[in-house]
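Presented below is the structure to which this report refers.
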Amino acid sequence: MHGKTIAALILFIFIIGLGQNAVSQETKDTPAVTEKEKSKEHVTVTVTAFKTPKEQKEITQKVAVIDALEIDRIPTANRNIAEILRYQPGMFVNVLSRNDANWGSYGGLGPKYNSYLLDGLPIDSFIDTMSLDPWAFKRIESQRGPASVMYSNYASMDFAGNQTPLAGVTNLILKEEIDEPVTRMLLGYGTFNTFNGRFYNQGRKGGFNYFLGLNYEQSDYTNYGTTPSWLNILKDPAYKKTKFYAKTTYFINRPDHKIAVFAHHTTHSGDAGRPNRDYLHNYDTINALYSNQIDTRTSLQFKAGYRNYDRRWGEDNYPLNLALREHDGVNQEIYPTDLTVNINHSDTGLLTAGFDTQYGTYRTYSEVSGIRMPGNKAETLAAGAYIQEKYSWQQWVFRVGGRINRTRHTYDLIGGSLPGLTEKAWNKFLWSAGLRYNASTNLSLYANAGTSFTPPSAKSVGGTLRADDIGKPGRNGQLPNPDLEPEHGRAVDAGVDFVLPAKITLGARFFLNQINDAIVENVVSQDPSQSISVNAGRAQSYGVEIPFNQEINDNLHWFANLTIETTDITNPMDPDQDGANLSFVPRYLANVGITCLLPHEFSVSPYLHAVGKYYDGTSRKNRRSFGDDVELDLRVQKPLSRIRDAGVLFNLDLNNLADNRYEMPWQFRNIGFNMLVGLEFVF
């Protein structure tokens with residue numbers, strides 16, 4: 001075991017020991033909990049499973065809820081929303097830096113197999129977690145296991161392409177009904193000359209509820225690459241991030257009839273540590289909602305959105321020299337919509353039916369001396385119709401549903417040239433089912449199964465060459481394959497939840513995921529260098545998650561969870577991949593966290609995160625292994641003053657306390673110990 005890993009464990013044990021001793025003393029001075037509070041039931045209500053509020057006992061999938069209070073307690077060293085989820089079972093969050101996306105895994109599968117939603121509408125799991133501001137959230141719902149058919153793929157063509165909810169769904173729930181006016185301001189300073197300022201205001205007037213916010217951060221940052229590495233960071237890679245967001249909700253005469261609009265913009269600019277490696281990224285997110293409880297049994301929701309991802313960055317001639325070579329860019333726009341009807345029937349039945357669409361455009365370019373040359377130009381149109389039934393009988397809950405999907409990709413340019421294939425479409429039927437048995441108030445069992453599909457990328461289908469270029473001298477690149485089929489996925493899970501004495505909750509969830517028709521690359525010719533994408537092989541992952549939670553008293557809460565995962569690839573066509581492991585899936589994940597309320601109103605929240613061995617690729621000959629690392633983060637909070645409803649709160653984030661600068665894929669590394677101290681004003 002590495003010395004810094006041992007140091008992290010010792011520090012964590014020491015912090016827990018201090019917390020337990022302090023809490024035991026503080027509890028003596030704490031007034032007794034009233035009988036009314038003791039008998040109060042803590043009911044978790046979620047909306048993700050059925051797009052309408054339901055208690056966990058009515059939901060067949062496993063859903064974890066992270067409320068706003070817990071969101072504020074979790075340190076996020078890279079300012080990435082995905083880091084809030086890193087302590088959930090089965091979630092490997094692998095944020096490469098403050099300037100880069102999360103390349104992790106969910107439930108034993110890669111980063112594109114867990115869908116992210118914003119109030120039920122899909123967003124990008126790579127980009128939007130870097131962009132959105134968590135002060136806008138009421139809670140985050142993490143639904144693990146095969147998702148219901150009510151959620152479609154996200155029609156992204158950037159990063160890893162289409163994203164599908166085979167391994168789960170993460171739903172970011174925005175604030176809606178405002179109980180009282182609140183203003184929050186935070187001023188912070190941290191390592192790497194980091195300045196952070198945040199503003200938030202919420203209120204209501206009549207039927208109008210609103211909130212708005214601003215977040216600004218700038219930093220000199222630091223070298224986040226290994227030595228040597230292709231990143232070759234020569235100076236502090238300075239950056240600036242600015243976020244604006246606002247939402248208004250108008251309740252039309254009653255709480256269940258409403259209209260809401262949310263808008264968010266992020267500008268991220270800076271450089272990657274070399275003179276001509278500048279970048280300027282702009283992200284825009286809009287959500288609109290109309291919801292109406294038509295009668296006592298029927299409700300209707302219509303949602304529409306807009307997502308804009310506009311990224312532009314400079315490239316130099318490294319390693320020959322550092323002169324500017326070109327500026328590259330990607331622009332992607334996606335317009336999702338969803339119409340859902342919920343009908344309650346037969347006392348315990350719930351029928352959900354709906355229709356959703358996504359239209360997306362994707363453009364890439366290179367710019368030299370002010371002249372812009374197009375690269376890829378593609379469009380996608382996806383539509384789906386779904387229906388699902390949930391029915392309860394005595395202690396049983398049954399769920400079954402189906403979806404018909406149609407996806408069409410149109411290719412205008414691939415690699416700056418007209419492609420051999422200009423259009424490809426797929427029609428697919430998907431299903432999902434689940435059941436739950438509530439044996440008692442303290443014991444429940446559940447199981448789920450479902451299917452998914454992921455269309456191949458524009459590059460795999462259209463290629464960078466024409467079909468008749470095969471074997472022609474000098475024609476290097478990728479040949480088109482118009483016969484490519486989507487990846488077909490299926491997943492099952494089964495679990496048990498216990499409620500034990502001493503306010504202990506314990507569970508176990510077993511999962512098995514399989515992907516058939518995995519898309520792999522085959523070499524057609526060495527000279528000219530040509531390849532083609534084909535469907536071949538099967539990828540499989542299976543494992544178990546074991547979560548534990550305990551509320552010892554009002555001043556002390558702690559949790560622990562362990563995930564063990566196994567993956568393999570069956571690909572007889574390529575011995576180098578046959579028997580290999582899926583990339584970015586650790587052999588184990590372990591988390592321990594504690595929240596202590598100490599004397600003098602100190603709140604201390606240490607989080608320990610351990611990651612087992614994982615690989616950055618599926619080639620047994622060329623892959624590299626990572627992991628077997630432990631990181632300890634700590635957040636300390638204390639009210640400094642309190643006058644009526646106003647106050648000042650001290651915040652201190654201590655990230656990677658053991659300074660464990662472990663390596664990550666693609667020659668990135670953890671930046672080691674860093675901190676952020678802030679004062680938050682609430683009135």
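Residue names in the structure tokens use chain letters A, B, ... in the order shown, residue numbers from 1 in each chain, and ligand numbers from 1 in the order shown.
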
What's the 9 Å shell around stretch 311-320 of chain A, counting only C-alpha atoms, without same-chain residues fewer than 5 positions away, as a PDB file with C-alpha atoms, in the first residue's frame?
```pdb
ATOM      1  CA  TRP A 230       1.572  15.298 -24.074  1.00  0.00           C
ATOM      2  CA  ASN A 232       3.549  19.520 -21.452  1.00  0.00           C
ATOM      3  CA  ASP A 271      -5.247  28.354 -21.491  1.00  0.00           C
ATOM      4  CA  ARG A 274       1.335  26.840 -23.185  1.00  0.00           C
ATOM      5  CA  PRO A 275       1.405  30.132 -25.175  1.00  0.00           C
ATOM      6  CA  ASN A 276      -0.890  28.989 -28.007  1.00  0.00           C
ATOM      7  CA  ARG A 277      -3.158  26.562 -26.147  1.00  0.00           C
ATOM      8  CA  ASP A 278      -5.915  29.046 -25.339  1.00  0.00           C
ATOM      9  CA  TYR A 279      -9.589  28.073 -25.200  1.00  0.00           C
ATOM     10  CA  LEU A 280     -13.033  29.656 -24.995  1.00  0.00           C
ATOM     11  CA  HIS A 281     -16.063  27.482 -24.212  1.00  0.00           C
ATOM     12  CA  ASN A 282     -19.688  28.633 -23.943  1.00  0.00           C
ATOM     13  CA  TYR A 283     -22.532  26.450 -22.699  1.00  0.00           C
ATOM     14  CA  ARG A 325      -0.896  25.713 -35.773  1.00  0.00           C
ATOM     15  CA  GLU A 326      -4.668  26.253 -35.812  1.00  0.00           C
ATOM     16  CA  HIS A 327      -7.788  26.778 -33.750  1.00  0.00           C
ATOM     17  CA  ASP A 328     -10.244  23.882 -33.604  1.00  0.00           C
ATOM     18  CA  GLY A 329     -13.859  24.020 -32.587  1.00  0.00           C
ATOM     19  CA  VAL A 330     -17.020  22.028 -31.936  1.00  0.00           C
ATOM     20  CA  ASN A 331     -20.553  23.338 -31.881  1.00  0.00           C
ATOM     21  CA  GLN A 332     -23.411  21.089 -30.851  1.00  0.00           C
TER      22      GLN A 332
END
```

Task: Selection: 10 Å around A:Ile552, only C-alpha atoms, excl. self and same-chain fewer than 6 positions, as an MDAnalysis selection string - done: chainID A and resid 502:504 558

For the residues in the current selection, export N, CA and C atoms as a PDB file, in the first residue's frame.
```pdb
ATOM      1  N   ALA A 502     -31.093   0.964  16.136  1.00  0.00           N
ATOM      2  CA  ALA A 502     -30.066   2.006  16.250  1.00  0.00           C
ATOM      3  C   ALA A 502     -29.981   2.849  14.984  1.00  0.00           C
ATOM      4  N   LYS A 503     -31.121   2.999  14.295  1.00  0.00           N
ATOM      5  CA  LYS A 503     -31.211   3.843  13.103  1.00  0.00           C
ATOM      6  C   LYS A 503     -30.193   3.451  12.030  1.00  0.00           C
ATOM      7  N   ILE A 504     -30.070   2.155  11.814  1.00  0.00           N
ATOM      8  CA  ILE A 504     -29.153   1.622  10.817  1.00  0.00           C
ATOM      9  C   ILE A 504     -29.938   1.168   9.600  1.00  0.00           C
ATOM     10  N   TRP A 558     -23.142   8.779   9.883  1.00  0.00           N
ATOM     11  CA  TRP A 558     -22.037   8.275   9.071  1.00  0.00           C
ATOM     12  C   TRP A 558     -22.543   7.215   8.107  1.00  0.00           C
TER      13      TRP A 558
END
```

Open item on the list: as a PyMOL selection string, please: the residues near A:Pro480 (cut-off 12 Å, only C-alpha atoms, same-chain neighbours under 6 positions excluded).
Closed with: chain A and resi 411+414+418-424+456-470+521+524+530-534

Open item on the list: For a quick check of understanding, using only C-alpha atoms, which of A:Leu597, A:Ala439, A:Leu322, A:Ala518 has the smallest distance to A:Asp497?
Closed with: A:Ala439

- [ ] Please identify all polymer residues within 6 Å of stretch 402-409 of chain A, counting only C-alpha atoms, omitting same-chain residues fewer than 4 positions from it, and present them as a ChimeraX atom specification.
- [x] /A:149,379-387,423-431

Expected file: the selected residues, N, CA and C atoms, as a PDB file, in the first residue's frame:
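part.pdb written:
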```
ATOM      1  N   VAL A 149     -38.396   2.709 -19.298  1.00  0.00           N
ATOM      2  CA  VAL A 149     -38.467   3.059 -20.718  1.00  0.00           C
ATOM      3  C   VAL A 149     -38.900   4.506 -20.931  1.00  0.00           C
ATOM      4  N   GLU A 379     -26.437  15.743 -38.452  1.00  0.00           N
ATOM      5  CA  GLU A 379     -27.664  16.026 -37.720  1.00  0.00           C
ATOM      6  C   GLU A 379     -28.259  14.719 -37.223  1.00  0.00           C
ATOM      7  N   THR A 380     -29.035  14.821 -36.152  1.00  0.00           N
ATOM      8  CA  THR A 380     -29.723  13.646 -35.630  1.00  0.00           C
ATOM      9  C   THR A 380     -31.152  14.022 -35.265  1.00  0.00           C
ATOM     10  N   LEU A 381     -32.053  13.106 -35.484  1.00  0.00           N
ATOM     11  CA  LEU A 381     -33.451  13.270 -35.087  1.00  0.00           C
ATOM     12  C   LEU A 381     -33.899  11.955 -34.462  1.00  0.00           C
ATOM     13  N   ALA A 382     -34.298  12.028 -33.205  1.00  0.00           N
ATOM     14  CA  ALA A 382     -34.737  10.835 -32.485  1.00  0.00           C
ATOM     15  C   ALA A 382     -36.131  11.073 -31.940  1.00  0.00           C
ATOM     16  N   ALA A 383     -36.967  10.045 -31.996  1.00  0.00           N
ATOM     17  CA  ALA A 383     -38.328  10.122 -31.469  1.00  0.00           C
ATOM     18  C   ALA A 383     -38.675   8.800 -30.806  1.00  0.00           C
ATOM     19  N   GLY A 384     -39.415   8.869 -29.718  1.00  0.00           N
ATOM     20  CA  GLY A 384     -39.801   7.655 -29.012  1.00  0.00           C
ATOM     21  C   GLY A 384     -41.186   7.776 -28.419  1.00  0.00           C
ATOM     22  N   ALA A 385     -41.925   6.672 -28.427  1.00  0.00           N
ATOM     23  CA  ALA A 385     -43.224   6.582 -27.767  1.00  0.00           C
ATOM     24  C   ALA A 385     -43.116   5.493 -26.710  1.00  0.00           C
ATOM     25  N   TYR A 386     -43.620   5.751 -25.510  1.00  0.00           N
ATOM     26  CA  TYR A 386     -43.459   4.802 -24.410  1.00  0.00           C
ATOM     27  C   TYR A 386     -44.745   4.663 -23.602  1.00  0.00           C
ATOM     28  N   ILE A 387     -44.873   3.535 -22.949  1.00  0.00           N
ATOM     29  CA  ILE A 387     -46.004   3.272 -22.054  1.00  0.00           C
ATOM     30  C   ILE A 387     -45.516   2.362 -20.939  1.00  0.00           C
ATOM     31  N   GLU A 423     -27.003   9.066 -44.895  1.00  0.00           N
ATOM     32  CA  GLU A 423     -28.101   8.936 -43.934  1.00  0.00           C
ATOM     33  C   GLU A 423     -28.186   7.509 -43.422  1.00  0.00           C
ATOM     34  N   LYS A 424     -28.536   7.379 -42.148  1.00  0.00           N
ATOM     35  CA  LYS A 424     -28.743   6.066 -41.545  1.00  0.00           C
ATOM     36  C   LYS A 424     -29.828   6.198 -40.490  1.00  0.00           C
ATOM     37  N   ALA A 425     -30.750   5.216 -40.426  1.00  0.00           N
ATOM     38  CA  ALA A 425     -31.857   5.254 -39.472  1.00  0.00           C
ATOM     39  C   ALA A 425     -32.023   3.890 -38.815  1.00  0.00           C
ATOM     40  N   TRP A 426     -32.533   3.908 -37.584  1.00  0.00           N
ATOM     41  CA  TRP A 426     -32.766   2.674 -36.828  1.00  0.00           C
ATOM     42  C   TRP A 426     -34.131   2.748 -36.162  1.00  0.00           C
ATOM     43  N   ASN A 427     -34.841   1.638 -36.145  1.00  0.00           N
ATOM     44  CA  ASN A 427     -36.082   1.488 -35.392  1.00  0.00           C
ATOM     45  C   ASN A 427     -35.871   0.376 -34.371  1.00  0.00           C
ATOM     46  N   LYS A 428     -36.120   0.668 -33.101  1.00  0.00           N
ATOM     47  CA  LYS A 428     -35.859  -0.311 -32.052  1.00  0.00           C
ATOM     48  C   LYS A 428     -36.991  -0.326 -31.029  1.00  0.00           C
ATOM     49  N   PHE A 429     -37.253  -1.528 -30.515  1.00  0.00           N
ATOM     50  CA  PHE A 429     -38.198  -1.686 -29.402  1.00  0.00           C
ATOM     51  C   PHE A 429     -37.402  -2.025 -28.150  1.00  0.00           C
ATOM     52  N   LEU A 430     -37.701  -1.336 -27.069  1.00  0.00           N
ATOM     53  CA  LEU A 430     -37.053  -1.576 -25.786  1.00  0.00           C
ATOM     54  C   LEU A 430     -38.107  -1.899 -24.738  1.00  0.00           C
ATOM     55  N   TRP A 431     -37.712  -2.629 -23.703  1.00  0.00           N
ATOM     56  CA  TRP A 431     -38.635  -2.966 -22.619  1.00  0.00           C
ATOM     57  C   TRP A 431     -37.943  -2.823 -21.272  1.00  0.00           C
TER      58      TRP A 431
END
```

Task: Between atom CA of A:Leu608 and atom CA of A:Ala508, distance in Å (one decimal) - done: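 Those two atoms sit 20.4 Å apart.
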
Please identify all polymer residues within 9 Å of A:Pro374, counting only C-alpha atoms, omitting same-chain residues fewer than 6 positions from it, and present them as a compact mmCIF listing (two decimals) with C-alpha atoms, in the first residue's frame.
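Contents of the output file part09.txt:
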```
# COMPACT_ATOMS: atom_id res chain seq x y z
CA ARG A 363 -20.34 20.84 -36.42
CA THR A 364 -16.55 20.72 -36.17
CA TYR A 365 -14.01 23.01 -37.81
CA SER A 366 -10.35 24.04 -38.03
CA GLU A 367 -9.36 27.69 -38.36
CA LEU A 413 -19.59 16.23 -44.15
CA GLY A 415 -13.59 14.91 -42.23
CA GLY A 416 -14.34 17.89 -44.47
CA SER A 417 -15.47 15.71 -47.38
```

Open item on the list: List the spatial neighbours of A:Arg436 as a list in words - criterion: any atom at most 8 Å away, only C-alpha atoms, same-chain residues fewer than 3 positions off excluded.
Closed with: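 Once the adjacent positions are removed, what remains is Lys57, Glu58, Ile59, Thr60, Trp396, Val397, Phe398, Ser444, Leu445, Tyr446 and Ala447 of chain A.
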
Task: Spatial neighbours of A:Pro237, 9 Å, only C-alpha atoms, chain gap at least 6 places, as a list of chain:residue names - done: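 Once the nearby chain positions are removed, what remains is A:Ser219, A:Asp220, A:Tyr221, A:Thr222, A:Asn223, A:Gly270, A:Asp271, A:Ala272, A:Gly273, A:Arg274.
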
Per-residue nearest contacts stretch 246-272 of chain A to stretch 284-288 of chain A, cut-off 6 Å, using only C-alpha atoms, as a tab-separated table:
```
residue	atom	partner	partner_atom	distance
A:Ala260	CA	A:Ala288	CA	5.7
A:Val261	CA	A:Ala288	CA	4.4
A:Phe262	CA	A:Asn287	CA	5.1
A:Ala263	CA	A:Ile286	CA	4.5
A:His264	CA	A:Thr285	CA	5.1
A:His265	CA	A:Asp284	CA	4.6
```

- [ ] Report the distance between atom CA of A:Tyr306 and atom CA of A:Ile84 in Å, rounded to one decimal place.
- [x] 24.6 Å

Open item on the list: Would you compute the distance between atom CA of A:Ala323 and atom CA of A:Tyr362? Give it in Å to one decimal.
Closed with: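 Atom-to-atom, atom CA of A:Ala323 and atom CA of A:Tyr362 are spaced 28.7 Å apart.
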
TODO: Enumerate as a PyMOL selection string all residues of stretch 174-410 of chain A assigned to strand (DSSP E) by DSSP on the backbone, naming them with the chain letters and numbers the document uses.
DONE: chain A and resi 174+182-190+194-205+208-219+239-251+257-271+278-293+298-316+324-345+349-368+371-393+396-410

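Between A:Ala160 and the candidates A:Gly108, A:Ile233, A:Tyr615, A:Pro455, the tightest atom-to-atom separation, counting only C-alpha atoms, involves A:Pro455.
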
TODO: Using DSSP on the backbone, list every residue of stretch 113-151 of chain A that comes out as helix (DSSP H, G or I), and give them as a list in words.
DONE: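 The helix (DSSP H, G or I) residues within stretch 113-151 of chain A come out as Tyr113, Asp128, Thr129, Met130, Ser131, Pro134, Trp135 and Ala136 of chain A.
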
Task: Counting only C-alpha atoms, the option among A:Leu85, A:Leu214, A:Ile66, A:Val496 closest to A:Ala136 - done: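 Residue with the minimum atom-to-atom distance to A:Ala136: A:Leu214.
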
Open item on the list: Please determine, counting only C-alpha atoms, which residue among A:Asn344, A:Asn549, A:Thr129, A:Thr183 has the shortest atom-to-atom distance to A:Val648.
Closed with: A:Thr183

TODO: Determine the nearest neighbour of A:Leu556 from the options A:Thr595, A:Gly207, A:Arg254, A:Val611, counting only C-alpha atoms.
DONE: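 Under the stated criterion, the closest residue is A:Thr595.
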